[in-house]
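Data first, discussion second: the structure below is written as structure tokens.
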Amino acid sequence: MISVSNLTKRYGPRVAVNNVSFEIARGEVVGFLGPNGAGKTTTLRILAGVLDKTQGVVRIAGHDISTHGLDARSAVGYMPEAVPLYPEMRVGEYLTFRAELKGVTRHARKNAVHAAMERAKVTDYSATLIGKLSKGYRQRVGLADALVASPPILILDEPTAGLDPNQIRDVRALVRSLGKDHTVLLSTHILPEVEASCDRVLLLAHGTLVAQGPTEQLRALQKPTGLDLVLRGDEAIARTVLEAHPAVDALVFSSAASTFAVHCTWKASQDSAALAAEGTIDALVRAGIAVREARAVGGSLEDVFAALTREETP
Amino acid sequence: MKGFWPIYKRELFAFFVTPLAWILILVFLFVQGMHFFLLVDTFARQNEVGADQSPLQVFFGDTALLYMILFLLVPAMTMRLFAEERRSGTMETLLSAPVSSAAVVLGKYAAVVTTYVAMWVPTLLYIVILRRTGEIDAGVALSSYLGVALVGAAYLAVGLFASALTKSQLVALVITALVLLGFFILGMSSFVAREGTTLHVVATHVSVWSAMNDFSAGLVDSRRLVFYGSLIVLPLYLATRTVDSWR
């Protein structure tokens, strides 16, 4: 559905996207992952037809965006990151306008708008002025807009940015359900987001495609680097027990009234963080130390990034 | 021209949903009404009226009040068109839709021209009133309205292009007002420039005063049509290229 080869975008001397190539097949839900400023938004804007590329070939649903821009744009529902909307319009009015703009015929328009509002759960707000909506609802209206002409491809730029946890869960569920009959490309800088809703991940850093593969592969790379513990008992015993454990590299103790906290870091050579955690907790309990809390730390996007970029550049 | 109609309709909606539109219309009609009243009053006091001086002709041709208000009206009508959409980011969603740049420009332009024409419609009543006291030359009335429409359409095209140049409505307003005022001052210099000089020739061509004098005398000069036609087409073309450049 989406085919990108050797895409490059320069802003003057600065290269925002550098020689990126990828394919996305029909029905895939693909996550575009990368830190801020990696070139995600630039790439998505080029795919959506709102920004011109410097070099490369982009095909959307078989249409070259340079020569058949209108056809390519007809196949895409795009939601920009900031979800810009007209504040003076009512939700229903706005979606009707967008449907007409996207070429939905007059008799199909009412149903299309209704279906999009149902899908994005804004039906109750049909008569509300967009300017009066909260951030979460604006996001939903943006989604409804992307859906209203039922395009085969959806491009969503950070669809959960600025939402509260409940809304994030809603949007993720929606994206998953959209994957059934749309090809979805969404961008995010949050790792769990990709895990929750995407089949495949494209990893972008400094404008280059660093890695791509199924989400499971990414999950495997996500290795905790340490363990945060809250313990009760003799601090000296705990220290000896932990220091004796082969997986532990460094320890940081901080005491509270009746308990104390320990931050242990695993040795880089340690293969399984899970086993290391099991082993240390078991040893602590055997030594008579009560374990109140234990939480794996690390394995953040940055760590995954570091791991991946290390693999790419020998 | 995919997308022309929805953009046209939305633009009209956006204009009339704001209080600014109604204030502009109110001011416009108030000034024109005062203008008309003073005119009729003056004519009523006169014992003899010259053969080449009808109230209609003076209303459209012999007074600066007519276009002075355009300097206020036009920039305020056009400043929003592109500047606001670019500031708020809605330009991005608009460009992501399957619409051509020409449709975006013409849809917006047609909407402001429609609004402008609608503002003039109530002044047709003045003709109805004047007809009760004397004969009205339909040709003169028609060419006067043609002149008003052409001048307005050209000014609106300039304003639309100015709005495409900046993200700030205020800057768009200032640019438009300055350009229109520049035209006006250049036109006025036809009174001070010596006859026969290039400045005088250019100034008479550009002068909105002499243009409206011609139109209100029933004179439709093809040079005027070409001048105002170009002043419509050129800014619209440049605006279309500007929209293209945002992609």
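Quick note on naming: the chains in the structure tokens go A, B, ... in the order shown, residues restart at 1 in each chain, and ligands are numbered from 1 in order of appearance.
Residues in contact range of region 52-61 of chain A, defined as at most 8 Å between only C-alpha atoms, with sequence neighbours fewer than 2 positions away removed, read Met1, Ile2, Ser3, Val4, Ser5, Asn6, Leu7, Thr8, Lys9, Arg10, Asn19, Ile46, Leu47, Gly49, Val50, His63, Asp64, Ile65, Ser66, Ala72 and Ala75 of chain A; Arg247 of chain B.
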| said: I'd like the neighbourhood of His189 (chain A) as number ranges by chain, where a residue qualifies if any of its atoms comes within 12 Å (using only C-alpha atoms), though same-chain residues fewer than 6 positions away should be ignored. | reply: A: 31-41, 157-161, 195, 201-205, 300-302, 305
| message | I need the contact residues of chain B against chain A, so if you could list those with any atom within 12 Å, counting only C-alpha atoms, and return them as an NGL selection string, that would help. | response | :B and (1-11 or 13-19 or 84-101 or 103-104 or 107 or 243-247)
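Residues with any atom within 10 Å of Pro235 (chain B), counting only C-alpha atoms and excluding same-chain neighbours fewer than 2 positions away, are Ala154, Tyr155, Leu156, Ala157, Val158, Gly159, Leu160, Phe161, Ala162, Ser230, Leu231, Ile232, Val233, Tyr237, Leu238, Ala239, Thr240 and Arg241 of chain B.
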| Which value, in Å to one decimal, gives the distance between CA of Asp282 (chain A) and CA of Ala257 (chain A)? | 24.0 Å
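With only C-alpha atoms as the atoms that count, the minimum distance from Leu229 (chain A) to the choices A:Asp181, A:Glu293, A:Asp271, A:Asp249 is reached by A:Glu293.
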| task | Pick out the closest residue to Leu150 (chain B) from this set: B:Arg224, B:His205, B:Lys167, B:His35. Count only C-alpha atoms. | result | B:Arg224
| message | Could you pull out the alpha helix (DSSP H) residues of region 11-244 of chain B, going by DSSP on the backbone, and write them as a count of residues only? | response | 185
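With CA of His182 (chain A) on one side and CA of Tyr125 (chain A) on the other, the separation reads 25.1 Å.
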